[in-house]
>>> print(open('upload.csv').read())   # CSV, N, CA and C atoms
chain,number,residue,atom,x,y,z
C,176,MET,N,6.7,-9.4,-9.4
C,176,MET,CA,5.5,-8.8,-9.0
C,176,MET,C,4.9,-9.6,-7.9
C,177,PHE,N,4.4,-8.9,-6.8
C,177,PHE,CA,3.9,-9.6,-5.7
C,177,PHE,C,2.7,-8.7,-5.2
C,178,THR,N,1.6,-9.4,-4.8
C,178,THR,CA,0.4,-8.7,-4.4
C,178,THR,C,0.0,-9.1,-2.9
C,179,VAL,N,-0.3,-8.0,-2.1
C,179,VAL,CA,-0.7,-8.2,-0.7
C,179,VAL,C,-2.0,-7.4,-0.5
C,180,THR,N,-2.7,-7.7,0.5
C,180,THR,CA,-3.9,-7.0,0.9
C,180,THR,C,-3.5,-6.1,2.0
C,181,VAL,N,-3.9,-4.8,1.9
C,181,VAL,CA,-3.6,-3.8,3.0
C,181,VAL,C,-4.9,-3.1,3.4
C,182,MET,N,-4.9,-2.6,4.6
C,182,MET,CA,-6.0,-1.8,5.1
C,182,MET,C,-5.5,-0.5,5.5
C,183,LEU,N,-6.0,0.6,4.8
C,183,LEU,CA,-5.6,1.9,5.1
C,183,LEU,C,-6.9,2.7,5.4
C,184,ASP,N,-7.5,2.4,6.5
C,184,ASP,CA,-8.8,2.9,6.8
C,184,ASP,C,-8.9,4.2,7.6
C,185,SER,N,-7.8,5.0,7.6
C,185,SER,CA,-7.8,6.3,8.2
C,185,SER,C,-6.8,7.2,7.5
C,186,VAL,N,-7.0,8.5,7.7
C,186,VAL,CA,-6.1,9.5,7.1
C,186,VAL,C,-4.7,9.3,7.6
C,187,GLU,N,-4.5,9.0,8.9
C,187,GLU,CA,-3.2,8.8,9.4
C,187,GLU,C,-2.5,7.6,8.8
C,188,LYS,N,-3.3,6.5,8.7
C,188,LYS,CA,-2.7,5.3,8.1
C,188,LYS,C,-2.2,5.5,6.6
C,189,VAL,N,-3.0,6.3,5.9
C,189,VAL,CA,-2.7,6.6,4.5
C,189,VAL,C,-1.4,7.4,4.5
C,190,GLN,N,-1.3,8.4,5.3
C,190,GLN,CA,-0.1,9.2,5.3
C,190,GLN,C,1.1,8.4,5.7
C,191,ARG,N,1.0,7.6,6.8
C,191,ARG,CA,2.2,6.8,7.2
C,191,ARG,C,2.6,5.8,6.1
C,192,PHE,N,1.6,5.2,5.5
C,192,PHE,CA,1.8,4.2,4.4
C,192,PHE,C,2.6,4.8,3.3
C,193,VAL,N,2.1,6.0,2.8
C,193,VAL,CA,2.8,6.7,1.7
C,193,VAL,C,4.2,7.1,2.1
C,194,SER,N,4.4,7.5,3.3
C,194,SER,CA,5.7,7.9,3.8
C,194,SER,C,6.7,6.7,3.8
C,195,VAL,N,6.2,5.5,4.2
C,195,VAL,CA,7.0,4.3,4.2
C,195,VAL,C,7.4,3.8,2.8
C,196,ILE,N,6.4,3.7,1.9
C,196,ILE,CA,6.7,3.2,0.6
C,196,ILE,C,7.5,4.2,-0.3
C,197,SER,N,7.4,5.5,0.0
C,197,SER,CA,8.0,6.5,-0.8
C,197,SER,C,9.5,6.4,-0.8
C,198,LYS,N,10.1,5.7,0.2
C,198,LYS,CA,11.5,5.6,0.3
C,198,LYS,C,12.1,4.6,-0.7
C,199,TYR,N,11.2,3.8,-1.3
C,199,TYR,CA,11.6,2.8,-2.3
C,199,TYR,C,11.4,3.3,-3.7
C,200,SER,N,12.4,3.0,-4.6
C,200,SER,CA,12.3,3.5,-5.9
C,200,SER,C,11.4,2.7,-6.9
C,201,CYS,N,11.0,1.6,-6.4
C,201,CYS,CA,10.2,0.7,-7.3
C,201,CYS,C,8.7,1.2,-7.4
C,202,SER,N,8.0,0.5,-8.2
C,202,SER,CA,6.6,0.9,-8.5
C,202,SER,C,5.6,0.1,-7.6
C,203,PHE,N,4.6,0.9,-7.1
C,203,PHE,CA,3.6,0.3,-6.2
C,203,PHE,C,2.2,0.7,-6.8
C,204,ASP,N,1.4,-0.2,-7.1
C,204,ASP,CA,0.0,0.1,-7.6
C,204,ASP,C,-0.9,-0.5,-6.5
C,205,ILE,N,-2.0,0.2,-6.4
C,205,ILE,CA,-3.0,-0.2,-5.4
C,205,ILE,C,-4.4,-0.2,-6.0
C,206,GLU,N,-5.2,-1.2,-5.8
C,206,GLU,CA,-6.5,-1.4,-6.4
C,206,GLU,C,-7.6,-1.5,-5.4
C,207,SER,N,-8.7,-1.0,-5.8
C,207,SER,CA,-10.0,-1.1,-5.1
C,207,SER,C,-11.1,-1.3,-6.1
C,208,GLU,N,-11.6,-2.5,-6.1
C,208,GLU,CA,-12.7,-2.9,-7.1
C,208,GLU,C,-12.2,-2.6,-8.5
C,209,HIS,N,-12.6,-1.6,-9.2
C,209,HIS,CA,-12.3,-1.4,-10.6
C,209,HIS,C,-11.3,-0.2,-10.8
C,210,SER,N,-10.7,0.3,-9.7
C,210,SER,CA,-9.8,1.4,-9.8
C,210,SER,C,-8.4,1.0,-9.4
C,211,CYS,N,-7.4,1.6,-10.1
C,211,CYS,CA,-6.0,1.3,-9.8
C,211,CYS,C,-5.3,2.6,-9.8
C,212,VAL,N,-4.5,2.9,-8.8
C,212,VAL,CA,-3.8,4.2,-8.7
C,212,VAL,C,-2.3,3.9,-8.2
C,213,ASP,N,-1.5,4.9,-8.4
C,213,ASP,CA,-0.1,4.8,-7.8
C,213,ASP,C,-0.2,4.9,-6.3
C,214,ALA,N,0.3,3.9,-5.6
C,214,ALA,CA,0.2,3.8,-4.2
C,214,ALA,C,1.0,4.9,-3.5
C,215,LYS,N,1.9,5.5,-4.2
C,215,LYS,CA,2.7,6.6,-3.6
C,215,LYS,C,2.0,8.0,-3.6
C,216,SER,N,0.8,8.0,-4.2
C,216,SER,CA,0.0,9.2,-4.4
C,216,SER,C,-1.1,9.3,-3.3
C,217,ILE,N,-0.9,10.2,-2.4
C,217,ILE,CA,-2.0,10.4,-1.4
C,217,ILE,C,-3.3,10.8,-2.0
C,218,VAL,N,-3.3,11.7,-3.0
C,218,VAL,CA,-4.5,12.1,-3.7
C,218,VAL,C,-5.1,10.8,-4.3
C,219,GLY,N,-4.3,10.0,-5.0
C,219,GLY,CA,-4.8,8.8,-5.6
C,219,GLY,C,-5.5,7.9,-4.6
C,220,LEU,N,-4.8,7.7,-3.5
C,220,LEU,CA,-5.4,6.8,-2.5
C,220,LEU,C,-6.7,7.3,-1.9
C,221,PHE,N,-6.8,8.6,-1.8
C,221,PHE,CA,-8.1,9.1,-1.3
C,221,PHE,C,-9.2,9.1,-2.3
C,222,SER,N,-8.9,8.8,-3.6
C,222,SER,CA,-9.9,8.6,-4.6
C,222,SER,C,-10.5,7.2,-4.5
C,223,LEU,N,-9.9,6.3,-3.7
C,223,LEU,CA,-10.4,5.0,-3.5
C,223,LEU,C,-11.3,4.9,-2.3
C,224,ASP,N,-12.0,3.8,-2.1
C,224,ASP,CA,-12.8,3.5,-0.9
C,224,ASP,C,-11.9,2.9,0.1
C,225,ILE,N,-11.3,3.7,1.0
C,225,ILE,CA,-10.3,3.2,2.0
C,225,ILE,C,-11.0,2.5,3.1
C,226,SER,N,-12.3,2.4,3.2
C,226,SER,CA,-13.0,1.7,4.2
C,226,SER,C,-12.9,0.2,4.0
C,227,LYS,N,-12.5,-0.3,2.8
C,227,LYS,CA,-12.4,-1.7,2.5
C,227,LYS,C,-10.9,-2.0,2.2
C,228,PRO,N,-10.6,-3.3,2.4
C,228,PRO,CA,-9.2,-3.8,2.1
C,228,PRO,C,-8.8,-3.4,0.6
C,229,LEU,N,-7.6,-3.1,0.4
C,229,LEU,CA,-7.0,-2.7,-0.9
C,229,LEU,C,-6.0,-3.7,-1.3
C,230,HIS,N,-5.8,-3.9,-2.6
C,230,HIS,CA,-4.8,-4.8,-3.1
C,230,HIS,C,-3.6,-4.1,-3.6
C,231,LEU,N,-2.4,-4.3,-2.9
C,231,LEU,CA,-1.2,-3.6,-3.3
C,231,LEU,C,-0.3,-4.5,-4.1
C,232,THR,N,0.1,-4.1,-5.3
C,232,THR,CA,1.0,-4.8,-6.1
C,232,THR,C,2.4,-4.1,-6.0
C,233,ILE,N,3.4,-4.9,-5.7
C,233,ILE,CA,4.8,-4.4,-5.5
C,233,ILE,C,5.6,-5.0,-6.7
C,234,GLN,N,6.4,-4.2,-7.3
C,234,GLN,CA,7.3,-4.7,-8.4
C,234,GLN,C,8.7,-4.3,-8.0
C,235,ASP,N,9.4,-5.2,-7.3
C,235,ASP,CA,10.7,-4.9,-6.9
C,235,ASP,C,11.5,-6.1,-6.4
C,236,ALA,N,12.8,-6.0,-6.4
C,236,ALA,CA,13.6,-7.1,-5.9
C,236,ALA,C,13.8,-7.0,-4.3
C,237,GLU,N,13.5,-5.8,-3.7
C,237,GLU,CA,13.7,-5.6,-2.3
C,237,GLU,C,12.4,-6.1,-1.5
C,238,LEU,N,11.8,-7.1,-2.0
C,238,LEU,CA,10.5,-7.5,-1.5
C,238,LEU,C,10.5,-7.7,0.0
C,239,GLU,N,11.5,-8.4,0.5
C,239,GLU,CA,11.6,-8.7,1.9
C,239,GLU,C,11.6,-7.5,2.8
C,240,ASP,N,12.4,-6.5,2.4
C,240,ASP,CA,12.5,-5.2,3.2
C,240,ASP,C,11.1,-4.5,3.1
C,241,ILE,N,10.5,-4.5,2.0
C,241,ILE,CA,9.2,-3.8,1.8
C,241,ILE,C,8.2,-4.4,2.7
C,242,LEU,N,8.1,-5.7,2.6
C,242,LEU,CA,7.1,-6.4,3.4
C,242,LEU,C,7.2,-6.2,4.9
C,243,ARG,N,8.5,-6.1,5.3
C,243,ARG,CA,8.8,-5.9,6.7
C,243,ARG,C,8.3,-4.4,7.1
C,244,ASP,N,8.5,-3.5,6.2
C,244,ASP,CA,8.2,-2.1,6.5
C,244,ASP,C,6.7,-1.8,6.5
C,245,ILE,N,5.9,-2.6,5.7
C,245,ILE,CA,4.5,-2.4,5.6
C,245,ILE,C,3.6,-3.4,6.4
C,246,GLN,N,4.3,-4.2,7.2
C,246,GLN,CA,3.6,-5.2,8.0
C,246,GLN,C,2.4,-4.7,8.8
C,247,GLU,N,2.5,-3.5,9.3
C,247,GLU,CA,1.4,-3.0,10.1
C,247,GLU,C,0.1,-2.7,9.3
C,248,PHE,N,0.3,-2.5,8.0
C,248,PHE,CA,-0.9,-2.2,7.2
C,248,PHE,C,-1.5,-3.5,6.5
C,249,MET,N,-0.8,-4.6,6.6
C,249,MET,CA,-1.2,-5.8,5.9
C,249,MET,C,-2.4,-6.5,6.6
C,250,GLU,N,-3.3,-7.0,5.7
C,250,GLU,CA,-4.4,-7.8,6.2
C,250,GLU,C,-4.1,-9.3,6.0
C,251,TYR,N,-4.4,-10.1,7.0
C,251,TYR,CA,-4.1,-11.5,6.9
C,251,TYR,C,-5.3,-12.3,6.8
>>> encode(input="upload.csv", output="C-alpha cells")
Amino acid sequence: MFTVTVMLDSVEKVQRFVSVISKYSCSFDIESEHSCVDAKSIVGLFSLDISKPLHLTIQDAELEDILRDIQEFMEY
C-alpha cells in the first residue's frame, strides 16, 4: 500500500485521471477529509471536494508504472 497526494481540481483532470488508472486492475482509494471513495469512480470523485488536494492510496505491485502514469496529477 502506498499513498500520494493528488490534485484533481477540474472536470477534465478527473476524467483523465480515471482514464489513466482504470487500465490497472488493482485497487485505488481516494480520500478527502472524512470521505473515502473508489478512485476509479467518476461519480465518487465528484462527491468529494476536488478544490483541495486528495490522498490516493494505491494497492499494487506495479507501483512504479502507476506513479509514472499519474505524475501530472501528483502534488509535491
>>> residues_around(input="upload.csv", residues="stretch 211-215 of chain C", least_positions_apart="6", cutoff="6.5 Å", atoms="all atoms listed in the file", output="PyMOL selection string")
chain C and resi 193+196-197+203-205
>>> residues_around(input="upload.csv", residues="C:Ser222", least_positions_apart="5", cutoff="8 Å", atoms="only N, CA and C atoms", output="ChimeraX atom specification")
/C:210,216-217
>>> select_by_dssp(input="upload.csv", residues="chain C", states="helix (DSSP H, G or I)", output="ChimeraX atom specification")
/C:186-196,217-221,238-244,246-248
>>> atom_distance(input="upload.csv", atom1="atom C of C:Asp240", atom2="atom CA of C:His209")
27.3 Å
>>> residues_near_point(input="upload.csv", point="(12.0, -6.8, -4.8)", cutoff="12 Å", atoms="only C-alpha atoms", output="NGL selection string")
:C and (176-178 or 199-203 or 232-243)
>>> write_last_selection(input="upload.csv", atoms="N, CA and C atoms", output="PDB file, keeping the file's coordinate frame")
ATOM      1  N   MET C 176       6.700  -9.400  -9.400  1.00  0.00           N
ATOM      2  CA  MET C 176       5.500  -8.800  -9.000  1.00  0.00           C
ATOM      3  C   MET C 176       4.900  -9.600  -7.900  1.00  0.00           C
ATOM      4  N   PHE C 177       4.400  -8.900  -6.800  1.00  0.00           N
ATOM      5  CA  PHE C 177       3.900  -9.600  -5.700  1.00  0.00           C
ATOM      6  C   PHE C 177       2.700  -8.700  -5.200  1.00  0.00           C
ATOM      7  N   THR C 178       1.600  -9.400  -4.800  1.00  0.00           N
ATOM      8  CA  THR C 178       0.400  -8.700  -4.400  1.00  0.00           C
ATOM      9  C   THR C 178       0.000  -9.100  -2.900  1.00  0.00           C
ATOM     10  N   TYR C 199      11.200   3.800  -1.300  1.00  0.00           N
ATOM     11  CA  TYR C 199      11.600   2.800  -2.300  1.00  0.00           C
ATOM     12  C   TYR C 199      11.400   3.300  -3.700  1.00  0.00           C
ATOM     13  N   SER C 200      12.400   3.000  -4.600  1.00  0.00           N
ATOM     14  CA  SER C 200      12.300   3.500  -5.900  1.00  0.00           C
ATOM     15  C   SER C 200      11.400   2.700  -6.900  1.00  0.00           C
ATOM     16  N   CYS C 201      11.000   1.600  -6.400  1.00  0.00           N
ATOM     17  CA  CYS C 201      10.200   0.700  -7.300  1.00  0.00           C
ATOM     18  C   CYS C 201       8.700   1.200  -7.400  1.00  0.00           C
ATOM     19  N   SER C 202       8.000   0.500  -8.200  1.00  0.00           N
ATOM     20  CA  SER C 202       6.600   0.900  -8.500  1.00  0.00           C
ATOM     21  C   SER C 202       5.600   0.100  -7.600  1.00  0.00           C
ATOM     22  N   PHE C 203       4.600   0.900  -7.100  1.00  0.00           N
ATOM     23  CA  PHE C 203       3.600   0.300  -6.200  1.00  0.00           C
ATOM     24  C   PHE C 203       2.200   0.700  -6.800  1.00  0.00           C
ATOM     25  N   THR C 232       0.100  -4.100  -5.300  1.00  0.00           N
ATOM     26  CA  THR C 232       1.000  -4.800  -6.100  1.00  0.00           C
ATOM     27  C   THR C 232       2.400  -4.100  -6.000  1.00  0.00           C
ATOM     28  N   ILE C 233       3.400  -4.900  -5.700  1.00  0.00           N
ATOM     29  CA  ILE C 233       4.800  -4.400  -5.500  1.00  0.00           C
ATOM     30  C   ILE C 233       5.600  -5.000  -6.700  1.00  0.00           C
ATOM     31  N   GLN C 234       6.400  -4.200  -7.300  1.00  0.00           N
ATOM     32  CA  GLN C 234       7.300  -4.700  -8.400  1.00  0.00           C
ATOM     33  C   GLN C 234       8.700  -4.300  -8.000  1.00  0.00           C
ATOM     34  N   ASP C 235       9.400  -5.200  -7.300  1.00  0.00           N
ATOM     35  CA  ASP C 235      10.700  -4.900  -6.900  1.00  0.00           C
ATOM     36  C   ASP C 235      11.500  -6.100  -6.400  1.00  0.00           C
ATOM     37  N   ALA C 236      12.800  -6.000  -6.400  1.00  0.00           N
ATOM     38  CA  ALA C 236      13.600  -7.100  -5.900  1.00  0.00           C
ATOM     39  C   ALA C 236      13.800  -7.000  -4.300  1.00  0.00           C
ATOM     40  N   GLU C 237      13.500  -5.800  -3.700  1.00  0.00           N
ATOM     41  CA  GLU C 237      13.700  -5.600  -2.300  1.00  0.00           C
ATOM     42  C   GLU C 237      12.400  -6.100  -1.500  1.00  0.00           C
ATOM     43  N   LEU C 238      11.800  -7.100  -2.000  1.00  0.00           N
ATOM     44  CA  LEU C 238      10.500  -7.500  -1.500  1.00  0.00           C
ATOM     45  C   LEU C 238      10.500  -7.700   0.000  1.00  0.00           C
ATOM     46  N   GLU C 239      11.500  -8.400   0.500  1.00  0.00           N
ATOM     47  CA  GLU C 239      11.600  -8.700   1.900  1.00  0.00           C
ATOM     48  C   GLU C 239      11.600  -7.500   2.800  1.00  0.00           C
ATOM     49  N   ASP C 240      12.400  -6.500   2.400  1.00  0.00           N
ATOM     50  CA  ASP C 240      12.500  -5.200   3.200  1.00  0.00           C
ATOM     51  C   ASP C 240      11.100  -4.500   3.100  1.00  0.00           C
ATOM     52  N   ILE C 241      10.500  -4.500   2.000  1.00  0.00           N
ATOM     53  CA  ILE C 241       9.200  -3.800   1.800  1.00  0.00           C
ATOM     54  C   ILE C 241       8.200  -4.400   2.700  1.00  0.00           C
ATOM     55  N   LEU C 242       8.100  -5.700   2.600  1.00  0.00           N
ATOM     56  CA  LEU C 242       7.100  -6.400   3.400  1.00  0.00           C
ATOM     57  C   LEU C 242       7.200  -6.200   4.900  1.00  0.00           C
ATOM     58  N   ARG C 243       8.500  -6.100   5.300  1.00  0.00           N
ATOM     59  CA  ARG C 243       8.800  -5.900   6.700  1.00  0.00           C
ATOM     60  C   ARG C 243       8.300  -4.400   7.100  1.00  0.00           C
TER      61      ARG C 243
END
>>> atom_distance(input="upload.csv", atom1="atom CA of C:Val195", atom2="atom CA of C:Leu229")
16.5 Å
>>> select_by_dssp(input="upload.csv", residues="stretch 190-241 of chain C", states="strand (DSSP E)", output="list in words")
Ser202, Phe203, Asp204, Ile205, Glu206, Ser207, Ser210, Cys211, Val212, Asp213, Leu229, His230, Leu231, Thr232, Ile233 and Gln234 of chain C
>>> closest_residue(input="upload.csv", among="C:Asp184, C:Glu250, C:Asp244, C:Glu206", to="C:Ser226", atoms="all atoms listed in the file")
C:Asp184
>>> decode(input="upload.csv", residues="stretch 194-232 of chain C", atoms="N, CA and C atoms", output="PDB file, in the first residue's frame")
ATOM      1  N   SER C 194      -9.393   7.758 -16.429  1.00  0.00           N
ATOM      2  CA  SER C 194      -9.000   7.030 -17.633  1.00  0.00           C
ATOM      3  C   SER C 194      -7.627   6.366 -17.454  1.00  0.00           C
ATOM      4  N   VAL C 195      -6.686   7.075 -16.855  1.00  0.00           N
ATOM      5  CA  VAL C 195      -5.333   6.549 -16.648  1.00  0.00           C
ATOM      6  C   VAL C 195      -5.335   5.379 -15.666  1.00  0.00           C
ATOM      7  N   ILE C 196      -5.975   5.541 -14.513  1.00  0.00           N
ATOM      8  CA  ILE C 196      -5.888   4.483 -13.501  1.00  0.00           C
ATOM      9  C   ILE C 196      -6.797   3.290 -13.800  1.00  0.00           C
ATOM     10  N   SER C 197      -7.787   3.479 -14.654  1.00  0.00           N
ATOM     11  CA  SER C 197      -8.712   2.379 -14.967  1.00  0.00           C
ATOM     12  C   SER C 197      -8.040   1.250 -15.741  1.00  0.00           C
ATOM     13  N   LYS C 198      -6.904   1.513 -16.329  1.00  0.00           N
ATOM     14  CA  LYS C 198      -6.216   0.446 -17.068  1.00  0.00           C
ATOM     15  C   LYS C 198      -5.503  -0.537 -16.135  1.00  0.00           C
ATOM     16  N   TYR C 199      -5.425  -0.208 -14.863  1.00  0.00           N
ATOM     17  CA  TYR C 199      -4.807  -1.095 -13.877  1.00  0.00           C
ATOM     18  C   TYR C 199      -5.877  -1.887 -13.136  1.00  0.00           C
ATOM     19  N   SER C 200      -5.584  -3.140 -12.847  1.00  0.00           N
ATOM     20  CA  SER C 200      -6.573  -3.999 -12.188  1.00  0.00           C
ATOM     21  C   SER C 200      -6.573  -3.863 -10.667  1.00  0.00           C
ATOM     22  N   CYS C 201      -5.630  -3.145 -10.129  1.00  0.00           N
ATOM     23  CA  CYS C 201      -5.521  -3.027  -8.672  1.00  0.00           C
ATOM     24  C   CYS C 201      -6.536  -2.048  -8.096  1.00  0.00           C
ATOM     25  N   SER C 202      -6.549  -1.960  -6.782  1.00  0.00           N
ATOM     26  CA  SER C 202      -7.486  -1.105  -6.069  1.00  0.00           C
ATOM     27  C   SER C 202      -6.875   0.271  -5.809  1.00  0.00           C
ATOM     28  N   PHE C 203      -7.684   1.316  -6.030  1.00  0.00           N
ATOM     29  CA  PHE C 203      -7.303   2.696  -5.756  1.00  0.00           C
ATOM     30  C   PHE C 203      -8.389   3.322  -4.893  1.00  0.00           C
ATOM     31  N   ASP C 204      -8.008   3.863  -3.757  1.00  0.00           N
ATOM     32  CA  ASP C 204      -8.958   4.593  -2.908  1.00  0.00           C
ATOM     33  C   ASP C 204      -8.497   6.036  -2.836  1.00  0.00           C
ATOM     34  N   ILE C 205      -9.450   6.949  -2.750  1.00  0.00           N
ATOM     35  CA  ILE C 205      -9.096   8.365  -2.663  1.00  0.00           C
ATOM     36  C   ILE C 205      -9.877   8.999  -1.520  1.00  0.00           C
ATOM     37  N   GLU C 206      -9.178   9.803  -0.721  1.00  0.00           N
ATOM     38  CA  GLU C 206      -9.778  10.399   0.474  1.00  0.00           C
ATOM     39  C   GLU C 206      -9.721  11.917   0.431  1.00  0.00           C
ATOM     40  N   SER C 207     -10.765  12.512   1.000  1.00  0.00           N
ATOM     41  CA  SER C 207     -10.838  13.949   1.211  1.00  0.00           C
ATOM     42  C   SER C 207     -11.475  14.148   2.566  1.00  0.00           C
ATOM     43  N   GLU C 208     -10.698  14.628   3.493  1.00  0.00           N
ATOM     44  CA  GLU C 208     -11.154  14.828   4.869  1.00  0.00           C
ATOM     45  C   GLU C 208     -11.726  13.530   5.431  1.00  0.00           C
ATOM     46  N   HIS C 209     -13.051  13.397   5.560  1.00  0.00           N
ATOM     47  CA  HIS C 209     -13.643  12.229   6.201  1.00  0.00           C
ATOM     48  C   HIS C 209     -14.316  11.271   5.233  1.00  0.00           C
ATOM     49  N   SER C 210     -14.112  11.463   3.945  1.00  0.00           N
ATOM     50  CA  SER C 210     -14.752  10.619   2.933  1.00  0.00           C
ATOM     51  C   SER C 210     -13.707   9.836   2.153  1.00  0.00           C
ATOM     52  N   CYS C 211     -14.055   8.589   1.835  1.00  0.00           N
ATOM     53  CA  CYS C 211     -13.176   7.738   1.041  1.00  0.00           C
ATOM     54  C   CYS C 211     -14.023   7.075  -0.043  1.00  0.00           C
ATOM     55  N   VAL C 212     -13.555   7.151  -1.299  1.00  0.00           N
ATOM     56  CA  VAL C 212     -14.288   6.562  -2.420  1.00  0.00           C
ATOM     57  C   VAL C 212     -13.326   5.784  -3.317  1.00  0.00           C
ATOM     58  N   ASP C 213     -13.892   4.963  -4.185  1.00  0.00           N
ATOM     59  CA  ASP C 213     -13.134   4.253  -5.207  1.00  0.00           C
ATOM     60  C   ASP C 213     -12.638   5.294  -6.214  1.00  0.00           C
ATOM     61  N   ALA C 214     -11.332   5.384  -6.397  1.00  0.00           N
ATOM     62  CA  ALA C 214     -10.758   6.410  -7.275  1.00  0.00           C
ATOM     63  C   ALA C 214     -11.077   6.174  -8.745  1.00  0.00           C
ATOM     64  N   LYS C 215     -11.546   4.998  -9.106  1.00  0.00           N
ATOM     65  CA  LYS C 215     -11.918   4.719 -10.490  1.00  0.00           C
ATOM     66  C   LYS C 215     -13.345   5.176 -10.795  1.00  0.00           C
ATOM     67  N   SER C 216     -14.032   5.698  -9.798  1.00  0.00           N
ATOM     68  CA  SER C 216     -15.422   6.118  -9.954  1.00  0.00           C
ATOM     69  C   SER C 216     -15.516   7.630 -10.154  1.00  0.00           C
ATOM     70  N   ILE C 217     -15.911   8.045 -11.344  1.00  0.00           N
ATOM     71  CA  ILE C 217     -16.069   9.475 -11.621  1.00  0.00           C
ATOM     72  C   ILE C 217     -17.124  10.075 -10.693  1.00  0.00           C
ATOM     73  N   VAL C 218     -18.228   9.368 -10.518  1.00  0.00           N
ATOM     74  CA  VAL C 218     -19.290   9.855  -9.629  1.00  0.00           C
ATOM     75  C   VAL C 218     -18.762   9.980  -8.200  1.00  0.00           C
ATOM     76  N   GLY C 219     -18.000   8.988  -7.752  1.00  0.00           N
ATOM     77  CA  GLY C 219     -17.420   9.043  -6.408  1.00  0.00           C
ATOM     78  C   GLY C 219     -16.494  10.228  -6.240  1.00  0.00           C
ATOM     79  N   LEU C 220     -15.653  10.484  -7.239  1.00  0.00           N
ATOM     80  CA  LEU C 220     -14.719  11.607  -7.159  1.00  0.00           C
ATOM     81  C   LEU C 220     -15.448  12.940  -7.089  1.00  0.00           C
ATOM     82  N   PHE C 221     -16.544  13.068  -7.835  1.00  0.00           N
ATOM     83  CA  PHE C 221     -17.281  14.324  -7.800  1.00  0.00           C
ATOM     84  C   PHE C 221     -18.087  14.501  -6.519  1.00  0.00           C
ATOM     85  N   SER C 222     -18.157  13.466  -5.691  1.00  0.00           N
ATOM     86  CA  SER C 222     -18.803  13.620  -4.388  1.00  0.00           C
ATOM     87  C   SER C 222     -17.838  14.236  -3.367  1.00  0.00           C
ATOM     88  N   LEU C 223     -16.557  14.346  -3.743  1.00  0.00           N
ATOM     89  CA  LEU C 223     -15.531  14.918  -2.874  1.00  0.00           C
ATOM     90  C   LEU C 223     -15.311  16.391  -3.227  1.00  0.00           C
ATOM     91  N   ASP C 224     -14.629  17.090  -2.345  1.00  0.00           N
ATOM     92  CA  ASP C 224     -14.246  18.480  -2.606  1.00  0.00           C
ATOM     93  C   ASP C 224     -12.957  18.459  -3.420  1.00  0.00           C
ATOM     94  N   ILE C 225     -13.087  18.545  -4.753  1.00  0.00           N
ATOM     95  CA  ILE C 225     -11.902  18.445  -5.615  1.00  0.00           C
ATOM     96  C   ILE C 225     -11.098  19.735  -5.698  1.00  0.00           C
ATOM     97  N   SER C 226     -11.531  20.760  -4.985  1.00  0.00           N
ATOM     98  CA  SER C 226     -10.759  22.005  -4.976  1.00  0.00           C
ATOM     99  C   SER C 226      -9.556  21.903  -4.042  1.00  0.00           C
ATOM    100  N   LYS C 227      -9.505  20.837  -3.251  1.00  0.00           N
ATOM    101  CA  LYS C 227      -8.409  20.619  -2.300  1.00  0.00           C
ATOM    102  C   LYS C 227      -7.627  19.369  -2.699  1.00  0.00           C
ATOM    103  N   PRO C 228      -6.368  19.269  -2.256  1.00  0.00           N
ATOM    104  CA  PRO C 228      -5.600  18.051  -2.532  1.00  0.00           C
ATOM    105  C   PRO C 228      -6.294  16.824  -1.937  1.00  0.00           C
ATOM    106  N   LEU C 229      -6.166  15.709  -2.643  1.00  0.00           N
ATOM    107  CA  LEU C 229      -6.765  14.444  -2.223  1.00  0.00           C
ATOM    108  C   LEU C 229      -5.662  13.428  -1.960  1.00  0.00           C
ATOM    109  N   HIS C 230      -5.946  12.453  -1.122  1.00  0.00           N
ATOM    110  CA  HIS C 230      -4.964  11.420  -0.784  1.00  0.00           C
ATOM    111  C   HIS C 230      -5.340  10.122  -1.493  1.00  0.00           C
ATOM    112  N   LEU C 231      -4.478   9.692  -2.405  1.00  0.00           N
ATOM    113  CA  LEU C 231      -4.694   8.491  -3.192  1.00  0.00           C
ATOM    114  C   LEU C 231      -3.903   7.347  -2.596  1.00  0.00           C
ATOM    115  N   THR C 232      -4.588   6.249  -2.280  1.00  0.00           N
ATOM    116  CA  THR C 232      -3.936   5.047  -1.777  1.00  0.00           C
ATOM    117  C   THR C 232      -3.948   3.996  -2.877  1.00  0.00           C
TER     118      THR C 232
END
